[in-house]
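Reproduced below: input-v6.cif, with mmCIF, C-alpha atoms and all ligand atoms.
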```cif
data_entry
loop_
_atom_site.label_atom_id
_atom_site.label_comp_id
_atom_site.auth_asym_id
_atom_site.auth_seq_id
_atom_site.Cartn_x
_atom_site.Cartn_y
_atom_site.Cartn_z
CA MET A 1 0.00 0.00 0.00
CA SER A 2 2.74 2.47 0.96
CA GLY A 3 4.51 1.59 -2.30
CA LEU A 4 1.41 2.61 -4.26
CA LEU A 5 1.16 5.87 -2.33
CA ARG A 6 4.82 6.56 -2.92
CA ARG A 7 4.49 5.92 -6.64
CA SER A 8 1.52 8.31 -6.82
CA GLY A 9 3.33 10.92 -4.74
CA TYR A 10 6.43 10.54 -6.88
CA ARG A 11 4.45 11.34 -10.02
CA VAL A 12 2.91 14.42 -8.38
CA PHE A 13 6.29 15.80 -7.37
CA ALA A 14 7.85 14.93 -10.73
CA ARG A 15 5.14 17.03 -12.42
CA ARG A 16 5.73 19.89 -9.96
CA ASP A 17 9.46 19.76 -10.71
CA GLY A 18 8.82 20.28 -14.41
CA TYR A 19 8.96 16.66 -15.59
CA ALA A 20 5.35 16.42 -16.79
CA GLY A 21 5.15 13.85 -19.57
CA TRP A 22 8.15 11.81 -18.37
CA THR A 23 6.23 8.53 -18.37
CA ARG A 24 5.87 8.73 -22.17
CA HIS A 25 9.67 8.69 -22.47
CA ARG A 26 9.95 5.92 -19.88
CA ASN A 27 7.53 3.88 -21.97
CA ALA A 28 9.42 4.67 -25.20
CA MET A 29 12.65 3.46 -23.65
CA ARG A 30 11.00 0.24 -22.45
CA ALA A 31 9.39 -0.30 -25.87
CA MET A 32 12.80 -0.18 -27.55
CA THR A 33 13.79 -3.44 -25.90
CA THR A 34 11.05 -5.25 -27.84
CA GLN A 35 11.90 -3.78 -31.25
CA SER A 36 14.27 -5.13 -33.85
CA ALA A 37 17.87 -3.95 -34.06
CA PHE A 38 17.02 -2.63 -37.53
CA GLU A 39 14.16 -0.52 -36.20
CA ILE A 40 16.33 0.86 -33.37
CA ARG A 41 19.02 1.82 -35.86
CA ARG A 42 16.43 3.57 -38.01
CA GLN A 43 15.14 5.58 -35.03
CA SER A 44 18.69 6.56 -34.02
CA LEU A 45 19.43 7.68 -37.55
CA ASP A 46 16.26 9.80 -37.74
CA ALA A 47 17.13 11.44 -34.42
CA LEU A 48 20.72 12.00 -35.55
CA ARG A 49 19.64 13.69 -38.79
CA ARG A 50 17.32 16.01 -36.86
CA LEU A 51 20.08 16.89 -34.40
CA LEU A 52 22.73 17.53 -37.06
CA THR A 53 20.39 19.77 -39.05
CA HIS A 54 19.48 21.71 -35.90
CA ALA A 55 23.14 22.08 -34.84
CA PHE A 56 24.31 23.19 -38.28
CA SER A 57 21.62 25.83 -38.67
CA THR A 58 21.50 27.21 -35.10
CA VAL A 59 24.83 26.54 -33.33
CA PRO A 60 27.76 28.74 -34.49
CA PHE A 61 30.43 26.30 -33.27
CA TYR A 62 29.16 23.45 -35.45
CA ARG A 63 28.32 25.65 -38.42
CA ASP A 64 31.92 26.94 -38.48
CA ALA A 65 33.58 23.57 -37.82
CA TRP A 66 31.55 21.64 -40.41
CA THR A 67 31.72 24.34 -43.04
CA ALA A 68 35.50 24.20 -42.71
CA ILE A 69 35.49 20.50 -43.68
CA GLY A 70 32.80 20.82 -46.34
CA PHE A 71 30.10 18.95 -44.43
CA ALA A 72 26.42 19.89 -44.48
CA PRO A 73 23.72 17.68 -42.93
CA SER A 74 21.12 16.22 -45.26
CA ALA A 75 18.41 13.58 -45.30
CA HIS A 76 21.00 11.19 -46.72
CA VAL A 77 23.41 11.29 -43.77
CA ALA A 78 24.25 7.80 -42.49
CA LEU A 79 25.33 6.79 -38.99
CA ASP A 80 28.82 6.12 -40.31
CA ASP A 81 29.03 9.74 -41.56
CA LEU A 82 29.43 10.77 -37.93
CA GLN A 83 33.04 9.63 -38.21
CA ARG A 84 33.75 12.46 -40.64
CA LEU A 85 32.91 15.07 -38.03
CA PRO A 86 35.46 16.55 -35.64
CA MET A 87 35.34 15.69 -31.95
CA LEU A 88 33.93 18.03 -29.34
CA THR A 89 36.51 18.28 -26.53
CA LYS A 90 36.15 19.43 -22.95
CA ASN A 91 38.37 22.38 -23.85
CA ASP A 92 35.91 23.32 -26.63
CA LEU A 93 33.09 23.24 -24.10
CA ARG A 94 34.94 25.60 -21.82
CA ASP A 95 36.55 27.93 -24.36
CA ARG A 96 33.66 28.09 -26.90
CA LYS A 97 30.81 27.82 -24.40
CA GLU A 98 28.77 30.67 -25.88
CA ASP A 99 29.23 29.47 -29.48
CA LEU A 100 27.89 26.06 -28.50
CA ILE A 101 24.50 27.36 -27.36
CA SER A 102 21.72 26.98 -29.90
CA LEU A 103 20.29 30.30 -31.09
CA ALA A 104 16.92 28.57 -31.53
CA VAL A 105 16.43 27.62 -27.87
CA PRO A 106 15.09 30.61 -25.89
CA GLU A 107 16.71 31.48 -22.60
CA ARG A 108 13.54 30.62 -20.62
CA ASP A 109 13.73 27.07 -22.00
CA ARG A 110 17.36 26.52 -20.95
CA HIS A 111 18.49 24.81 -17.75
CA ILE A 112 22.10 25.17 -16.67
CA ASP A 113 24.19 22.23 -15.47
CA LEU A 114 27.86 21.41 -14.97
CA THR A 115 30.05 18.93 -16.80
CA GLY A 116 31.94 16.25 -14.92
CA GLY A 117 35.28 17.45 -13.65
CA THR A 118 37.62 14.56 -14.26
CA THR A 119 40.08 16.29 -16.56
CA GLY A 120 40.33 19.75 -15.09
CA THR A 121 38.04 21.38 -17.63
CA GLN A 122 34.74 21.40 -15.76
CA THR A 123 32.36 23.98 -17.13
CA SER A 124 28.68 24.80 -17.47
CA PHE A 125 26.30 23.89 -20.29
CA TYR A 126 22.56 23.95 -20.98
CA ARG A 127 19.76 21.46 -21.47
CA ASP A 128 16.44 22.41 -23.02
CA ASN A 129 13.33 21.51 -21.13
CA ALA A 130 12.25 18.73 -23.49
CA CYS A 131 15.67 17.14 -23.01
CA ARG A 132 15.34 17.22 -19.22
CA VAL A 133 11.96 15.52 -19.34
CA ALA A 134 13.06 12.91 -21.89
CA ARG A 135 16.24 12.12 -19.98
CA PHE A 136 14.35 11.81 -16.70
CA GLY A 137 11.81 9.43 -18.26
CA ARG A 138 14.36 7.32 -20.13
CA GLN A 139 16.46 7.00 -16.98
CA TRP A 140 13.46 5.50 -15.21
CA GLY A 141 13.02 3.22 -18.21
CA ILE A 142 16.58 2.00 -17.68
CA LEU A 143 16.17 1.54 -13.93
CA GLU A 144 12.95 -0.37 -14.43
CA GLN A 145 14.76 -2.75 -16.80
CA CYS A 146 16.99 -3.46 -13.82
CA GLY A 147 14.00 -4.09 -11.57
CA TYR A 148 13.92 -0.76 -9.72
CA GLN A 149 10.52 0.97 -9.67
CA PRO A 150 9.69 4.53 -8.57
CA GLY A 151 8.45 4.38 -4.98
CA GLN A 152 10.81 1.58 -3.90
CA LYS A 153 12.85 2.52 -0.85
CA ARG A 154 16.40 3.48 -1.69
CA ALA A 155 19.52 3.82 0.47
CA LEU A 156 21.50 6.54 -1.26
CA ILE A 157 25.25 6.88 -0.67
CA TRP A 158 25.91 10.02 -2.59
CA GLY A 159 27.95 13.21 -2.87
CA SER A 160 27.00 16.81 -2.30
CA HIS A 161 23.51 17.77 -1.24
CA ALA A 162 23.39 20.10 -4.24
CA ASP A 163 23.08 16.98 -6.38
CA LEU A 164 20.33 15.45 -4.33
CA GLY A 165 17.51 17.57 -5.64
CA PRO A 166 14.49 19.21 -4.10
CA ALA A 167 13.63 16.17 -1.99
CA HIS A 168 16.32 17.39 0.38
CA SER A 169 15.37 21.03 0.68
CA GLY A 170 12.32 23.21 1.24
CA LEU A 171 9.69 23.68 3.90
CA SER A 172 9.16 20.98 6.43
CA LEU A 173 5.76 19.52 5.47
CA ARG A 174 6.49 19.56 1.75
CA ARG A 175 9.95 18.20 2.45
CA ALA A 176 8.50 15.37 4.52
CA LEU A 177 6.06 14.49 1.72
CA ARG A 178 8.84 14.61 -0.83
CA ARG A 179 11.02 12.39 1.31
CA PHE A 180 8.16 9.92 1.61
CA ALA A 181 7.52 9.98 -2.15
CA SER A 182 11.16 9.80 -3.21
CA ALA A 183 11.67 7.05 -0.60
CA ASP A 184 15.32 7.86 -0.04
CA GLU A 185 17.54 7.63 3.01
CA THR A 186 20.76 9.48 2.23
CA LEU A 187 24.30 9.13 3.53
CA CYS A 188 26.22 12.11 2.24
CA CYS A 189 29.59 10.57 1.44
CA THR A 190 31.55 13.81 1.14
CA VAL A 191 33.10 12.87 4.46
CA MET A 192 32.06 9.63 6.16
CA THR A 193 33.23 9.18 9.74
CA ASP A 194 32.56 6.05 11.78
CA ALA A 195 29.90 7.99 13.67
CA ASP A 196 28.17 8.95 10.38
CA MET A 197 28.17 5.37 9.16
CA ARG A 198 26.91 4.03 12.49
CA ALA A 199 24.02 6.52 12.48
CA TYR A 200 23.24 5.69 8.86
CA HIS A 201 23.23 1.97 9.63
CA GLN A 202 20.70 2.55 12.41
CA ARG A 203 18.48 4.54 10.06
CA LEU A 204 18.65 1.82 7.40
CA CYS A 205 17.75 -0.90 9.90
CA ALA A 206 14.45 0.88 10.44
CA PHE A 207 14.06 2.00 6.82
CA GLN A 208 14.63 -1.45 5.21
CA PRO A 209 15.67 -0.33 1.71
CA ALA A 210 14.88 -2.30 -1.42
CA VAL A 211 17.76 -0.67 -3.27
CA VAL A 212 21.26 0.60 -2.42
CA TYR A 213 22.45 3.27 -4.87
CA GLY A 214 25.67 5.25 -5.05
CA TYR A 215 29.41 5.52 -5.60
CA PRO A 216 31.14 2.10 -5.43
CA ASN A 217 34.02 3.39 -3.29
CA ALA A 218 31.66 4.91 -0.76
CA ILE A 219 29.38 1.84 -0.71
CA GLU A 220 32.52 -0.26 -0.15
CA GLN A 221 33.51 1.83 2.87
CA PHE A 222 30.04 1.40 4.33
CA ALA A 223 29.91 -2.36 3.64
CA ARG A 224 33.34 -2.85 5.23
CA PHE A 225 32.29 -0.77 8.24
CA ILE A 226 29.23 -2.99 8.81
CA ALA A 227 31.42 -6.12 8.62
CA ARG A 228 34.22 -4.70 10.79
CA GLU A 229 31.84 -3.55 13.52
CA ARG A 230 29.81 -6.78 13.27
CA LEU A 231 26.60 -4.80 12.83
CA LYS A 232 23.27 -6.30 11.77
CA PRO A 233 23.37 -6.89 7.99
CA ILE A 234 21.38 -4.53 5.76
CA THR A 235 19.62 -6.47 3.04
CA ALA A 236 18.66 -4.97 -0.33
CA GLY A 237 17.45 -6.71 -3.46
CA ARG A 238 19.49 -4.54 -5.80
CA ILE A 239 22.66 -2.46 -5.59
CA PHE A 240 23.21 0.22 -8.25
CA CYS A 241 26.69 1.58 -8.85
CA THR A 242 27.40 4.73 -10.79
CA ALA A 243 29.90 7.58 -11.37
CA GLU A 244 33.01 5.48 -10.68
CA ARG A 245 34.46 2.29 -12.05
CA LEU A 246 33.03 -0.78 -10.31
CA LEU A 247 35.69 -3.37 -9.52
CA GLU A 248 34.82 -7.08 -9.54
CA ARG A 249 35.95 -7.44 -5.91
CA GLN A 250 33.48 -4.66 -5.02
CA ARG A 251 30.68 -6.43 -6.88
CA GLU A 252 31.36 -9.60 -4.87
CA LEU A 253 31.60 -7.63 -1.63
CA PHE A 254 28.24 -5.90 -2.26
CA GLN A 255 26.53 -9.17 -3.12
CA ARG A 256 27.80 -10.69 0.14
CA ALA A 257 27.13 -7.60 2.26
CA PHE A 258 23.61 -6.78 1.04
CA GLY A 259 22.52 -10.11 -0.43
CA GLY A 260 21.33 -8.49 -3.67
CA ASP A 261 22.07 -8.30 -7.37
CA VAL A 262 24.63 -5.62 -8.38
CA PHE A 263 23.93 -3.43 -11.43
CA ASN A 264 26.52 -1.15 -12.95
CA LEU A 265 25.28 2.01 -14.69
CA TYR A 266 27.17 4.26 -17.09
CA CYS A 267 26.07 7.79 -16.27
CA SER A 268 27.62 11.23 -16.58
CA ARG A 269 26.66 14.75 -15.65
CA GLU A 270 26.62 15.73 -19.31
CA HIS A 271 24.21 13.04 -20.53
CA GLY A 272 22.66 11.30 -17.51
CA CYS A 273 22.33 7.52 -17.54
CA VAL A 274 23.01 6.15 -21.03
CA ALA A 275 24.08 2.52 -20.58
CA PHE A 276 23.27 -0.20 -18.09
CA GLU A 277 23.78 -3.83 -17.20
CA CYS A 278 20.85 -6.20 -17.59
CA SER A 279 20.29 -9.10 -15.22
CA ARG A 280 22.80 -11.22 -17.19
CA HIS A 281 25.66 -8.82 -16.21
CA ARG A 282 27.60 -9.49 -19.40
CA GLY A 283 28.45 -5.91 -20.29
CA PHE A 284 26.38 -2.82 -20.95
CA HIS A 285 23.34 -2.07 -23.06
CA VAL A 286 23.32 1.40 -24.65
CA ASP A 287 20.13 3.47 -24.65
CA ALA A 288 20.21 4.04 -28.41
CA GLY A 289 17.19 6.32 -28.17
CA SER A 290 19.18 8.93 -26.29
CA VAL A 291 22.77 8.65 -27.53
CA VAL A 292 24.96 7.34 -30.31
CA LEU A 293 27.91 5.82 -28.45
CA GLU A 294 31.17 5.22 -30.30
CA ILE A 295 34.26 3.47 -28.92
CA LEU A 296 37.36 4.69 -30.76
CA ARG A 297 40.88 3.35 -30.78
CA ASP A 298 43.49 5.54 -32.50
CA GLY A 299 40.64 7.42 -34.17
CA ARG A 300 38.93 4.37 -35.72
CA PRO A 301 36.06 2.26 -34.33
CA ALA A 302 37.46 -0.25 -31.85
CA ARG A 303 37.10 -3.91 -32.84
CA PRO A 304 35.21 -6.31 -30.53
CA GLY A 305 37.40 -6.97 -27.50
CA GLU A 306 39.49 -3.83 -28.00
CA GLU A 307 39.57 -1.02 -25.47
CA GLY A 308 38.99 2.53 -26.67
CA ASP A 309 37.72 6.02 -25.86
CA ILE A 310 34.00 6.60 -25.42
CA VAL A 311 32.64 9.31 -27.72
CA ILE A 312 29.00 10.32 -27.28
CA THR A 313 26.52 12.12 -29.48
CA ASP A 314 23.58 13.15 -27.30
CA LEU A 315 20.38 12.82 -29.34
CA LEU A 316 18.23 14.65 -26.80
CA ASN A 317 20.02 17.92 -25.95
CA TYR A 318 19.18 20.72 -28.37
CA ALA A 319 20.30 23.62 -26.11
CA THR A 320 24.03 22.79 -25.97
CA PRO A 321 24.32 19.96 -28.49
CA PHE A 322 27.02 17.39 -27.69
CA ILE A 323 28.08 15.91 -31.02
CA ARG A 324 31.00 13.46 -30.93
CA TYR A 325 31.87 14.47 -27.39
CA ALA A 326 35.15 12.99 -26.12
CA THR A 327 34.01 11.94 -22.65
CA GLY A 328 37.41 10.91 -21.30
CA ASP A 329 35.93 7.51 -20.35
CA ARG A 330 37.12 4.21 -21.76
CA ALA A 331 35.35 0.96 -22.58
CA THR A 332 35.86 -2.36 -24.34
CA ALA A 333 33.94 -2.75 -27.60
CA SER A 334 31.58 -5.63 -28.39
CA ASN A 335 29.32 -6.60 -31.27
CA SER A 336 27.56 -9.52 -29.64
CA ARG A 337 23.90 -9.68 -28.78
CA CYS A 338 23.08 -10.28 -25.13
CA ASP A 339 21.22 -13.52 -24.41
CA CYS A 340 18.62 -11.52 -22.46
CA GLY A 341 17.16 -10.85 -25.92
CA SER A 342 17.52 -7.06 -25.81
CA PRO A 343 18.31 -5.63 -29.24
CA LEU A 344 20.06 -2.57 -27.78
CA PRO A 345 23.73 -2.18 -28.78
CA THR A 346 26.28 -3.42 -26.27
CA PHE A 347 29.79 -2.85 -25.05
CA GLU A 348 31.76 -5.24 -22.93
CA ALA A 349 33.23 -3.34 -20.02
CA LEU A 350 33.74 0.12 -18.64
CA ASP A 351 37.46 0.54 -18.16
CA GLY A 352 37.97 4.07 -16.93
CA ARG A 353 36.77 6.39 -14.23
CA THR A 354 38.32 4.95 -11.14
CA ALA A 355 38.05 7.39 -8.30
CA ASP A 356 39.86 6.87 -5.04
CA ILE A 357 39.37 7.80 -1.46
CA ILE A 358 41.21 10.11 0.89
CA HIS A 359 41.68 8.59 4.32
CA LEU A 360 41.48 10.81 7.40
CA PRO A 361 43.47 10.20 10.60
CA ASN A 362 40.20 9.76 12.56
CA GLY A 363 39.22 6.78 10.41
CA GLY A 364 36.85 8.80 8.21
CA VAL A 365 37.09 8.97 4.43
CA VAL A 366 36.45 11.57 1.72
CA ALA A 367 35.16 10.39 -1.67
CA GLY A 368 37.75 11.28 -4.32
CA LEU A 369 34.96 12.34 -6.66
CA MET A 370 34.16 15.23 -4.37
CA LEU A 371 37.52 16.83 -5.11
CA ASP A 372 36.46 17.16 -8.74
CA ASP A 373 33.60 19.42 -7.75
CA LEU A 374 35.81 21.78 -5.77
CA PHE A 375 37.05 23.73 -8.73
CA THR A 376 33.73 24.56 -10.34
CA GLN A 377 33.95 28.18 -9.24
CA LEU A 378 37.69 28.46 -9.91
CA PRO A 379 38.18 28.36 -13.70
CA GLU A 380 41.63 29.92 -13.30
CA ILE A 381 42.86 26.53 -12.10
CA THR A 382 43.23 24.44 -15.24
CA HIS A 383 44.65 21.19 -13.85
CA ALA A 384 45.00 19.67 -10.43
CA GLN A 385 46.38 16.48 -8.96
CA PHE A 386 45.93 15.06 -5.46
CA VAL A 387 48.34 12.56 -3.92
CA GLN A 388 48.04 10.99 -0.48
CA GLU A 389 51.16 9.10 0.56
CA HIS A 390 50.68 9.49 4.32
CA LEU A 391 47.65 9.28 6.58
CA THR A 392 48.37 12.76 7.92
CA SER A 393 48.92 14.77 4.72
CA LEU A 394 47.54 15.48 1.26
CA ASP A 395 49.77 16.80 -1.56
CA VAL A 396 48.10 19.14 -4.04
CA ASN A 397 49.66 19.98 -7.43
CA VAL A 398 47.92 22.59 -9.57
CA VAL A 399 48.41 24.47 -12.80
CA VAL A 400 46.88 27.95 -12.95
CA LYS A 401 46.34 30.27 -15.89
CA PRO A 402 49.16 32.82 -16.38
CA GLY A 403 48.60 36.03 -14.45
CA THR A 404 46.17 34.49 -11.96
CA ASP A 405 45.83 36.42 -8.72
CA PRO A 406 47.44 34.55 -5.77
CA SER A 407 44.17 34.88 -3.86
CA ILE A 408 42.69 32.22 -6.17
CA GLU A 409 45.10 29.61 -4.84
CA ILE A 410 44.30 30.66 -1.29
CA ALA A 411 40.61 30.18 -2.08
CA MET A 412 41.38 26.73 -3.52
CA LEU A 413 43.24 25.65 -0.39
CA ALA A 414 40.38 26.95 1.76
CA GLU A 415 37.90 24.87 -0.28
CA ILE A 416 40.01 21.75 0.20
CA ARG A 417 40.34 22.48 3.91
CA GLU A 418 36.59 22.84 4.25
CA LEU A 419 36.04 19.50 2.52
CA ILE A 420 38.59 17.37 4.34
CA GLY A 421 38.46 19.04 7.76
CA PRO A 422 41.33 20.11 10.01
CA GLU A 423 43.16 16.83 10.55
CA LEU A 424 45.16 16.48 7.32
CA THR A 425 48.11 18.71 6.51
CA ILE A 426 47.71 20.14 2.98
CA ARG A 427 50.98 20.48 1.10
CA ARG A 428 50.88 22.75 -1.94
CA LEU A 429 53.39 21.47 -4.49
CA GLY A 430 54.21 22.51 -8.02
CA PRO A 431 53.14 24.03 -10.29
CA ARG A 432 53.82 21.00 -12.44
CA PRO A 433 53.11 21.45 -16.12
CA ASP A 434 52.16 17.80 -16.55
CA ALA A 435 49.67 17.76 -13.69
CA ARG A 436 46.19 16.51 -14.45
CA ARG A 437 43.11 16.57 -12.32
CA GLU A 438 43.61 13.09 -11.02
CA ARG A 439 42.14 12.01 -7.80
CA CYS A 440 44.23 11.22 -4.76
ZN ZN B 501 21.17 -8.17 -21.69
#
```
Take the structure in the file and write it out as structure tokens.
Ligand SMILES: [Zn+2]
Amino acid sequence: MSGLLRRSGYRVFARRDGYAGWTRHRNAMRAMTTQSAFEIRRQSLDALRRLLTHAFSTVPFYRDAWTAIGFAPSAHVALDDLQRLPMLTKNDLRDRKEDLISLAVPERDRHIDLTGGTTGTQTSFYRDNACRVARFGRQWGILEQCGYQPGQKRALIWGSHADLGPAHSGLSLRRALRRFASADETLCCTVMTDADMRAYHQRLCAFQPAVVYGYPNAIEQFARFIARERLKPITAGRIFCTAERLLERQRELFQRAFGGDVFNLYCSREHGCVAFECSRHRGFHVDAGSVVLEILRDGRPARPGEEGDIVITDLLNYATPFIRYATGDRATASNSRCDCGSPLPTFEALDGRTADIIHLPNGGVVAGLMLDDLFTQLPEITHAQFVQEHLTSLDVNVVVKPGTDPSIEIAMLAEIRELIGPELTIRRLGPRPDARRERC
């Protein structure tokens, strides 16, 4: 009964948050799994032609870049023609941000968001409203393929509260209703002390989640804490991992710790959730209704079994179109059909995106991913690297733009101090010209 109420409440709040119509996209995503591979390819191609035409006629960046190579979209463009187009890099996104905004999408229809920060080039971009709704719906379509329904109770082990949405803010009654409808219990993993994890364990014992969802490294810390302290096991039917690489030892640990099936998702801040494991767990299925996903090795399509760079064309975003976007992630290519029967394209494994953890002298930990978000407001810092060789100190190497005011570095160190607390000594090293924003 409470599940039904939660599902109804969830729909009400989704409408209030501007996602009216999301169920149509959820249904479209689900329907794709029953269509033929030929039909899916045809739909992707239609969506690609629409996007390329839109980008060429309304986005200065693409008009200039494609004119320079003699390319103009037409009704005869094939999926393979994508390979003729130049890549969109993270530097392009930052340095040509204004030129990448479509002139046809009015400002009132644009929603700002931030790219992921794994390479030191984090910047802002826009989504149009239709894209937000479609992405929201298709993401639920993906989660439902994995057996997770809206309204099911979820233990969330997640990053900053800014990412957690309106369920975690607002007036008390509305907030309580939202919390009931979203059915989340949240452990903010920015810093997890033993006391935090003990309190969270107590909350989950009463909450009895159906799903555990979050960063693999943070879930691992929590699972190990439960085992080390010999606490009552938390059982959950499904564990969803996202944002970081999931290691096989972590998958086994989560199955043992929570007694459930572990699903790996490929999601990013730029595109949302675009690939997922089915219950066979033999690689990823790509949501071909929302992206064209290429895996490139030395600039050519990777052969089955070869590792390469993931390049994404987002079929949904018309405000800041991402066409052949070099994500910085890596995966192993595949051309096999999954024996679950899904016709969606597949790739074998996600090979990149490992994020580590900073250990604090008091036994607490800081999710390495959180360091990426620190520099959002500090574009003068172009690259950063964090190294922890001792339990009592953290080394920080950064590269700043020439002529940057020294106060920017002071602000950066203050941000790091606020995140990790007073116990670690921060050592500012460098600048090192080869530094990258790598995590601890
Ligand atoms: Zn499958």
Problem - Nearby residues, ligand ZN 501 (chain B), 7 Å, all atoms listed in the file, as a PyMOL selection string - result: chain A and resi 277-280+282+285+338-342
Exercise for the section: Work out how far apart CA of Asp109 (chain A) and CA of Arg132 (chain A) are and give it in Å to one decimal. Expected result: 10.4 Å
Handout entry: Counting all atoms listed in the file, the residue of A:Phe125, A:Phe284, A:Phe276, A:Tyr318 that sits nearest Arg138 (chain A)
Key = A:Phe276
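Shortest separation to Arg15 (chain A) among A:Ala302, A:Val133, A:Ile420, A:Leu88 occurs at residue A:Val133, atoms counted being only C-alpha atoms.
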May I have the centre and edge lengths, in Å to one decimal, of an axis-aligned box around the listed atoms of region 185-190 of chain A with 6 Å added to every side, as lines of an AutoDock Vina configuration file?
```
center_x = 24.5
center_y = 10.7
center_z = 2.3
size_x = 26.0
size_y = 18.2
size_z = 14.4
```
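Of the residues under consideration (A:Arg135, A:Arg127, A:His76, A:His111), A:Arg135 shows the shortest atom-to-atom contact distance to Arg26 (chain A) when counting all atoms listed in the file.
The environment of Ala65 (chain A) within 12 Å, counting only C-alpha atoms and disregarding residues fewer than 5 places along the same chain, consists of Ala55, Phe56, Val59, Pro60, Gly70, Phe71, Ala72, Arg84, Leu85, Pro86, Met87, Leu88, Asp92, Arg96, Asp99, Leu100 and Ile323 of chain A.
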Problem - Between CA of His359 (chain A) and CA of Asp196 (chain A), distance in Å (one decimal) - result: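 Computing the Euclidean distance for CA of His359 (chain A) and CA of Asp196 (chain A) yields 14.8 Å.
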Completion exercise
Of A:Gln43, A:Thr186, A:Ser36, A:Thr89, the one sitting nearest Ala155 (chain A) when using all atoms listed in the file is A:Thr186
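For Ala223 (chain A), the set of protein, DNA and RNA residues having any atom at most 10 Å away, when counting only C-alpha atoms and skipping those fewer than 3 positions along the same chain, is A:Met197, A:His201, A:Asn217, A:Ala218, A:Ile219, A:Glu220, A:Ile226, A:Ala227, A:Arg228, A:Pro233, A:Ile234, A:Gln250, A:Leu253, A:Phe254, A:Arg256, A:Ala257, A:Phe258.
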Practice task
Excluding region 343-351 of chain A and residues on its chain fewer than 2 positions from it, collect all residues at most 7 Å away from it, counting all atoms listed in the file, and give them as a ChimeraX atom specification.
Solution key: /A:33,35-37,245,282-288,330-335,337,341
Problem - For His54 (chain A): contacts at 9 Å, only C-alpha atoms, fewer than 3 positions along chain excluded, given as a PyMOL selection string - result: chain A and resi 49-51+57-59+102+104+318
Handout entry: Counting only C-alpha atoms, the option among A:Glu306, A:Glu185, A:Asp46, A:Asp405 closest to Val292 (chain A)
Key =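 Residue with the minimum atom-to-atom distance to Val292 (chain A): A:Asp46.
One finds CA of Ile295 (chain A) at 22.2 Å from CA of Met29 (chain A).
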Problem - Contacts of Pro361 (chain A) at 10 Å (all atoms listed in the file; same-chain gap of 6+ positions) as a ChimeraX atom specification - result: /A:390-393,423-424
Problem - Shortest interatomic distance to Phe136 (chain A) - which of A:Ala68, A:Val212, A:Cys205, A:Val274, counting only C-alpha atoms - result: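 Answer, going by the shortest atom-to-atom distance: A:Val274.
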